[in-house]
>>> print(open('structure-v5.tsv').read())   # TSV, C-alpha atoms
chain	number	residue	atom	x	y	z
A	90	ARG	CA	0.00	0.00	0.00
A	91	ILE	CA	3.00	2.33	-0.26
A	92	ILE	CA	2.17	5.43	-2.28
A	93	THR	CA	5.24	6.45	-4.27
A	94	GLY	CA	3.75	8.76	-6.90
A	95	ASP	CA	4.48	6.28	-9.71
A	96	ARG	CA	0.77	6.10	-10.65
A	97	THR	CA	0.51	9.85	-11.16
A	98	VAL	CA	-0.72	10.78	-14.64
A	99	PRO	CA	-1.59	13.97	-16.51
A	100	GLY	CA	-5.07	15.06	-15.47
A	101	ASP	CA	-4.62	14.17	-11.80
A	102	VAL	CA	-5.78	16.84	-9.35
A	103	ILE	CA	-3.49	18.32	-6.69
A	104	ILE	CA	-5.26	18.94	-3.38
A	105	GLY	CA	-3.57	21.04	-0.72
A	106	LEU	CA	-4.20	21.04	3.01
A	107	PRO	CA	-3.55	24.45	4.55
A	108	SER	CA	-0.75	25.08	7.02
A	109	ALA	CA	-0.98	27.22	10.15
A	110	GLY	CA	2.24	29.06	9.31
A	111	LEU	CA	5.91	28.11	9.12
A	112	HIS	CA	5.46	24.54	10.41
A	113	SER	CA	9.04	24.42	11.70
A	114	ASN	CA	10.56	25.01	8.25
A	115	GLY	CA	12.77	27.81	7.03
A	116	TYR	CA	13.66	29.02	10.50
A	117	SER	CA	17.19	30.03	9.52
A	118	LEU	CA	15.82	32.47	6.95
A	119	ALA	CA	12.95	33.57	9.21
A	120	ARG	CA	15.37	34.39	12.06
A	121	LYS	CA	17.64	36.25	9.65
A	122	VAL	CA	14.73	38.33	8.33
A	123	PHE	CA	13.12	39.18	11.68
A	124	PHE	CA	16.12	39.45	13.97
A	125	ASP	CA	19.14	40.33	11.79
A	126	HIS	CA	17.62	42.30	8.92
A	127	ALA	CA	14.58	43.94	10.56
A	128	LYS	CA	16.25	44.15	14.02
A	129	MET	CA	13.04	42.99	15.70
A	130	ASN	CA	12.73	41.33	19.08
A	131	PRO	CA	10.74	38.11	19.64
A	132	ARG	CA	7.96	39.94	21.51
A	133	ASP	CA	7.60	42.75	18.93
A	134	SER	CA	4.09	43.19	17.60
A	135	LEU	CA	3.16	42.47	13.99
A	136	GLU	CA	0.03	44.65	14.14
A	137	LYS	CA	1.37	47.24	11.70
A	138	TRP	CA	1.33	44.41	9.11
A	139	GLY	CA	-2.23	43.45	9.98
A	140	VAL	CA	-1.36	40.45	12.16
A	141	ALA	CA	-2.65	40.32	15.73
A	142	GLY	CA	0.27	38.88	17.62
A	143	SER	CA	4.00	38.93	17.97
A	144	VAL	CA	7.02	37.66	16.06
A	145	ILE	CA	7.46	34.80	18.54
A	146	GLY	CA	3.76	33.96	18.27
A	147	GLU	CA	4.14	33.42	14.54
A	148	LEU	CA	7.44	31.56	14.83
A	149	MET	CA	6.10	29.23	17.54
A	150	ARG	CA	2.67	28.57	16.00
A	151	PRO	CA	2.13	24.79	16.26
A	152	THR	CA	2.38	22.60	13.18
A	153	LEU	CA	-0.94	21.15	12.04
A	154	LEU	CA	-1.18	17.38	11.97
A	155	TYR	CA	-2.82	15.67	9.01
A	156	SER	CA	-2.55	12.01	10.02
A	157	LYS	CA	-6.18	11.49	11.09
A	158	ALA	CA	-7.61	12.96	7.89
A	159	LEU	CA	-5.13	11.03	5.74
A	160	ARG	CA	-5.92	7.75	7.50
A	161	GLU	CA	-9.60	8.32	6.76
A	162	VAL	CA	-8.93	8.95	3.08
A	163	LEU	CA	-6.56	6.02	2.75
A	164	SER	CA	-8.91	3.61	4.51
A	165	TYR	CA	-12.01	4.74	2.62
A	166	PHE	CA	-10.73	4.60	-0.96
A	167	ARG	CA	-8.95	2.00	-3.04
A	168	VAL	CA	-5.65	3.73	-2.65
A	169	LYS	CA	-3.90	2.73	-5.88
A	170	GLN	CA	-6.86	3.91	-7.97
A	171	THR	CA	-7.56	7.10	-6.06
A	172	VAL	CA	-4.55	8.57	-4.26
A	173	HIS	CA	-1.50	8.64	-6.53
A	174	GLY	CA	0.88	10.76	-4.45
A	175	LEU	CA	1.37	12.26	-0.98
A	176	ALA	CA	3.81	14.99	0.02
A	177	HIS	CA	4.38	16.56	3.41
A	178	ILE	CA	5.58	20.09	2.66
A	179	THR	CA	8.72	20.47	4.75
A	180	GLY	CA	12.18	21.84	3.94
A	181	GLY	CA	12.36	22.42	0.19
A	182	GLY	CA	8.92	24.01	0.09
A	183	LEU	CA	6.28	23.11	-2.46
A	184	PRO	CA	8.61	22.62	-5.45
A	185	GLY	CA	11.10	20.37	-3.65
A	186	ASN	CA	8.58	18.13	-1.94
A	187	ILE	CA	6.09	17.73	-4.79
A	188	ALA	CA	8.90	17.02	-7.29
A	189	ARG	CA	9.84	13.94	-5.23
A	190	ILE	CA	6.52	12.28	-6.02
A	191	LEU	CA	6.32	13.12	-9.73
A	192	PRO	CA	7.15	10.50	-12.33
A	193	SER	CA	9.47	11.64	-15.13
A	194	GLY	CA	6.69	12.28	-17.67
A	195	CYS	CA	4.66	14.63	-15.46
A	196	ASP	CA	4.84	18.19	-14.21
A	197	ALA	CA	2.84	19.73	-11.37
A	198	LEU	CA	1.17	22.98	-12.32
A	199	LEU	CA	0.33	24.99	-9.18
A	200	TYR	CA	-1.93	28.05	-8.96
A	201	PRO	CA	-0.87	30.09	-5.88
A	202	GLY	CA	-3.92	32.34	-6.17
A	203	ARG	CA	-6.16	29.43	-5.20
A	204	TRP	CA	-5.11	29.26	-1.57
A	205	GLU	CA	-4.65	31.70	1.27
A	206	LYS	CA	-1.14	32.30	2.54
A	207	PRO	CA	-0.70	33.07	6.23
A	208	ALA	CA	0.33	36.72	6.58
A	209	VAL	CA	3.70	35.81	8.11
A	210	PHE	CA	4.98	34.86	4.65
A	211	ASP	CA	4.12	38.25	3.13
A	212	ILE	CA	5.69	40.03	6.12
A	213	MET	CA	8.94	38.07	5.81
A	214	GLN	CA	9.05	38.55	2.05
A	215	ARG	CA	8.66	42.33	2.39
A	216	LEU	CA	11.06	42.70	5.34
A	217	GLY	CA	13.75	40.56	3.75
A	218	ASN	CA	13.11	41.54	0.11
A	219	ILE	CA	12.98	37.82	-0.72
A	220	PRO	CA	12.14	36.80	-4.31
A	221	ASP	CA	9.04	34.64	-4.88
A	222	GLU	CA	11.15	31.72	-6.08
A	223	GLU	CA	13.11	31.59	-2.83
A	224	MET	CA	9.95	31.94	-0.72
A	225	TYR	CA	8.36	28.92	-2.42
A	226	ARG	CA	11.61	26.94	-2.29
A	227	THR	CA	12.10	27.58	1.44
A	228	PHE	CA	8.61	27.77	2.98
A	229	ASN	CA	5.31	25.90	2.66
A	230	MET	CA	3.60	29.18	1.68
A	231	GLY	CA	0.35	28.11	3.32
A	232	ILE	CA	0.15	24.47	2.18
A	233	GLY	CA	1.29	21.89	4.72
A	234	PHE	CA	0.39	18.69	2.88
A	235	VAL	CA	-0.44	17.70	-0.71
A	236	LEU	CA	-2.42	14.82	-2.17
A	237	VAL	CA	-2.25	13.94	-5.87
A	238	VAL	CA	-5.59	12.34	-6.67
A	239	SER	CA	-7.22	10.76	-9.71
A	240	GLN	CA	-9.43	13.29	-11.48
A	241	TYR	CA	-12.28	10.76	-11.32
A	242	TYR	CA	-12.31	10.64	-7.50
A	243	HIS	CA	-11.14	14.09	-6.50
A	244	SER	CA	-14.63	15.37	-5.56
A	245	SER	CA	-15.17	12.45	-3.20
A	246	VAL	CA	-11.74	12.91	-1.63
A	247	LEU	CA	-12.45	16.64	-1.18
A	248	ARG	CA	-15.76	15.89	0.56
A	249	LEU	CA	-14.12	13.45	2.95
A	250	LEU	CA	-11.32	15.90	3.74
A	251	GLU	CA	-13.86	18.69	4.31
A	252	GLN	CA	-15.67	16.48	6.84
A	253	SER	CA	-12.36	16.07	8.70
A	254	LYS	CA	-12.10	19.90	8.95
A	255	THR	CA	-8.77	20.13	7.08
A	256	ARG	CA	-10.08	22.84	4.70
A	257	PRO	CA	-8.77	21.21	1.49
A	258	VAL	CA	-8.35	23.24	-1.67
A	259	ILE	CA	-7.54	22.29	-5.24
A	260	ILE	CA	-4.17	23.97	-5.78
A	261	GLY	CA	-3.15	22.53	-9.12
A	262	GLU	CA	-3.08	19.76	-11.65
A	263	VAL	CA	-0.70	17.29	-13.19
A	264	VAL	CA	0.25	17.89	-16.83
A	265	GLU	CA	2.68	16.26	-19.25
A	266	GLY	CA	6.25	17.27	-18.59
A	267	SER	CA	9.62	16.27	-17.22
A	268	GLY	CA	9.14	16.08	-13.43
A	269	GLU	CA	9.07	19.81	-12.67
A	270	VAL	CA	6.86	21.84	-10.37
A	271	ARG	CA	5.70	25.06	-12.01
A	272	LEU	CA	3.91	27.98	-10.36
A	273	THR	CA	1.57	29.97	-12.54
A	274	HIS	CA	-0.74	32.94	-12.20
A	275	ASP	CA	-3.33	32.65	-14.94
A	276	ASN	CA	-7.08	33.16	-15.24
A	277	ASN	CA	-7.83	29.70	-13.84
A	278	GLY	CA	-5.51	29.97	-10.88
A	279	GLY	CA	-5.77	33.58	-9.77
>>> encode(input="structure-v5.tsv", output="C-alpha cells")
Amino acid sequence: RIITGDRTVPGDVIIGLPSAGLHSNGYSLARKVFFDHAKMNPRDSLEKWGVAGSVIGELMRPTLLYSKALREVLSYFRVKQTVHGLAHITGGGLPGNIARILPSGCDALLYPGRWEKPAVFDIMQRLGNIPDEEMYRTFNMGIGFVLVVSQYYHSSVLRLLEQSKTRPVIIGEVVEGSGEVRLTHDNNGG
C-alpha cells in the first residue's frame, strides 16, 4: 500500500491542506529576516502588518497534523486507484517536496492564487526583500500537505477531507512534462 507517486498521470488533481504558518521550516531564513535584517525582538508586535500577535507567536505557531484525515482517506478509498501521491511540505517548500513524487513524464502545475497564505509569509518577504522563487523553495507558503488524486475521484476525496475539517483546496493539476513543479498565475488559478 505504499504510495510512491508512480501512478501519477496527466489530469490528476493536486489537493492542498492548509498550514498554520511556518510549520518548523525555514527558520534560519525567518530568524535572519526578523532578527538580523529587521532588528526585531521576539515579543515585537506584527500589528502594523495586519497580524494580531508577535514575532514569537508566529514563529512558535504549532504545526498542524494531518494524520487522522489522511488515514480516513486512505482507509475509505482503493488507494492505488484514487490517491497517486502524498507529500508533506517540509524543507524544500512546495517545489522540492512535490517534485519527489512526480514521475518523469509529469509536471505539477500549481496556482498560488487558489489558496490563502498566512500573513507571516508576506511580512517576511517584504522585510527581507525575498524573491518569490526563494519563498516557495524555502517555505510551505500556506500548504502543509499535498495529495495527488485521480481526477475521477477528487470530488469524493475533497468531501471526505472537508468532513475532517482540514479545509482542502484544489491547488493545481498534473500535466505532461519532465518532473518539474511550475507555479503559474493565470485566469484559472488567480
>>> residues_around(input="structure-v5.tsv", residues="segment 196-203 of chain A", least_positions_apart="4", cutoff="9 Å", atoms="only C-alpha atoms", output="list of chain:residue names")
A:Pro99, A:Ile103, A:Pro184, A:Ile187, A:Ala188, A:Leu191, A:Pro192, A:Met230, A:Val258, A:Ile259, A:Ile260, A:Gly261, A:Glu262, A:Val263, A:Val264, A:Glu265, A:Gly266, A:Ser267, A:Gly268, A:Glu269, A:Val270, A:Arg271, A:Leu272, A:Thr273, A:His274, A:Asp275, A:Asn277, A:Gly278, A:Gly279
>>> closest_residue(input="structure-v5.tsv", among="A:Lys128, A:Arg96, A:Arg226, A:Arg189", to="His173 of chain A", atoms="only C-alpha atoms")
A:Arg96
>>> closest_residue(input="structure-v5.tsv", among="A:Pro220, A:Pro257, A:Gly174, A:Gly233", to="Gly94 of chain A", atoms="only C-alpha atoms")
A:Gly174
>>> residues_around(input="structure-v5.tsv", residues="segment 147-160 of chain A", least_positions_apart="3", cutoff="7 Å", atoms="all atoms listed in the file", output="ChimeraX atom specification")
/A:108-112,143-144,163-164,209,250,253
>>> residues_around(input="structure-v5.tsv", residues="Val140 of chain A", least_positions_apart="3", cutoff="12 Å", atoms="all atoms listed in the file", output="list of chain:residue names")
A:Asp133, A:Ser134, A:Leu135, A:Glu136, A:Lys137, A:Ser143, A:Val144, A:Gly146, A:Glu147, A:Pro207, A:Ala208, A:Val209, A:Phe210, A:Asp211, A:Ile212
>>> closest_residue(input="structure-v5.tsv", among="A:Val172, A:Ile190, A:Ile178, A:Leu247", to="Gly115 of chain A", atoms="all atoms listed in the file")
A:Ile178
>>> closest_residue(input="structure-v5.tsv", among="A:Ser245, A:Leu118, A:Thr97, A:Ile145", to="Arg132 of chain A", atoms="all atoms listed in the file")
A:Ile145
>>> closest_residue(input="structure-v5.tsv", among="A:Ile104, A:Ala176, A:Met224, A:Ile92", to="Glu251 of chain A", atoms="all atoms listed in the file")
A:Ile104
>>> atom_distance(input="structure-v5.tsv", atom1="atom CA of Phe234 of chain A", atom2="atom CA of Asp95 of chain A")
18.1 Å
>>> atom_distance(input="structure-v5.tsv", atom1="atom CA of Val246 of chain A", atom2="atom CA of Val98 of chain A")
17.2 Å
>>> closest_residue(input="structure-v5.tsv", among="A:Asn229, A:Gly217, A:Gln170, A:Glu223", to="Ala119 of chain A", atoms="all atoms listed in the file")
A:Gly217
>>> atom_distance(input="structure-v5.tsv", atom1="atom CA of Leu183 of chain A", atom2="atom CA of Tyr225 of chain A")
6.2 Å
>>> axis_aligned_box(input="structure-v5.tsv", around="segment 214-224 of chain A", padding_each_side="8 Å", output="AutoDock Vina command-line options")
--center_x 11.2 --center_y 37.1 --center_z -0.4 --size_x 21.1 --size_y 27.1 --size_z 27.4
>>> residues_around(input="structure-v5.tsv", residues="Ser117 of chain A", least_positions_apart="5", cutoff="12 Å", atoms="all atoms listed in the file", output="PyMOL selection string")
chain A and resi 111+122-125+148+180+227-228
>>> decode(input="structure-v5.tsv", residues="segment 119-143 of chain A", atoms="C-alpha atoms", output="compact mmCIF listing (two decimals), in the first residue's frame")
# COMPACT_ATOMS: atom_id res chain seq x y z
CA ALA A 119 12.95 33.57 9.21
CA ARG A 120 15.37 34.39 12.06
CA LYS A 121 17.64 36.25 9.65
CA VAL A 122 14.73 38.33 8.33
CA PHE A 123 13.12 39.18 11.68
CA PHE A 124 16.12 39.45 13.97
CA ASP A 125 19.14 40.33 11.79
CA HIS A 126 17.62 42.30 8.92
CA ALA A 127 14.58 43.94 10.56
CA LYS A 128 16.25 44.15 14.02
CA MET A 129 13.04 42.99 15.70
CA ASN A 130 12.73 41.33 19.08
CA PRO A 131 10.74 38.11 19.64
CA ARG A 132 7.96 39.94 21.51
CA ASP A 133 7.60 42.75 18.93
CA SER A 134 4.09 43.19 17.60
CA LEU A 135 3.16 42.47 13.99
CA GLU A 136 0.03 44.65 14.14
CA LYS A 137 1.37 47.24 11.70
CA TRP A 138 1.33 44.41 9.11
CA GLY A 139 -2.23 43.45 9.98
CA VAL A 140 -1.36 40.45 12.16
CA ALA A 141 -2.65 40.32 15.73
CA GLY A 142 0.27 38.88 17.62
CA SER A 143 4.00 38.93 17.97
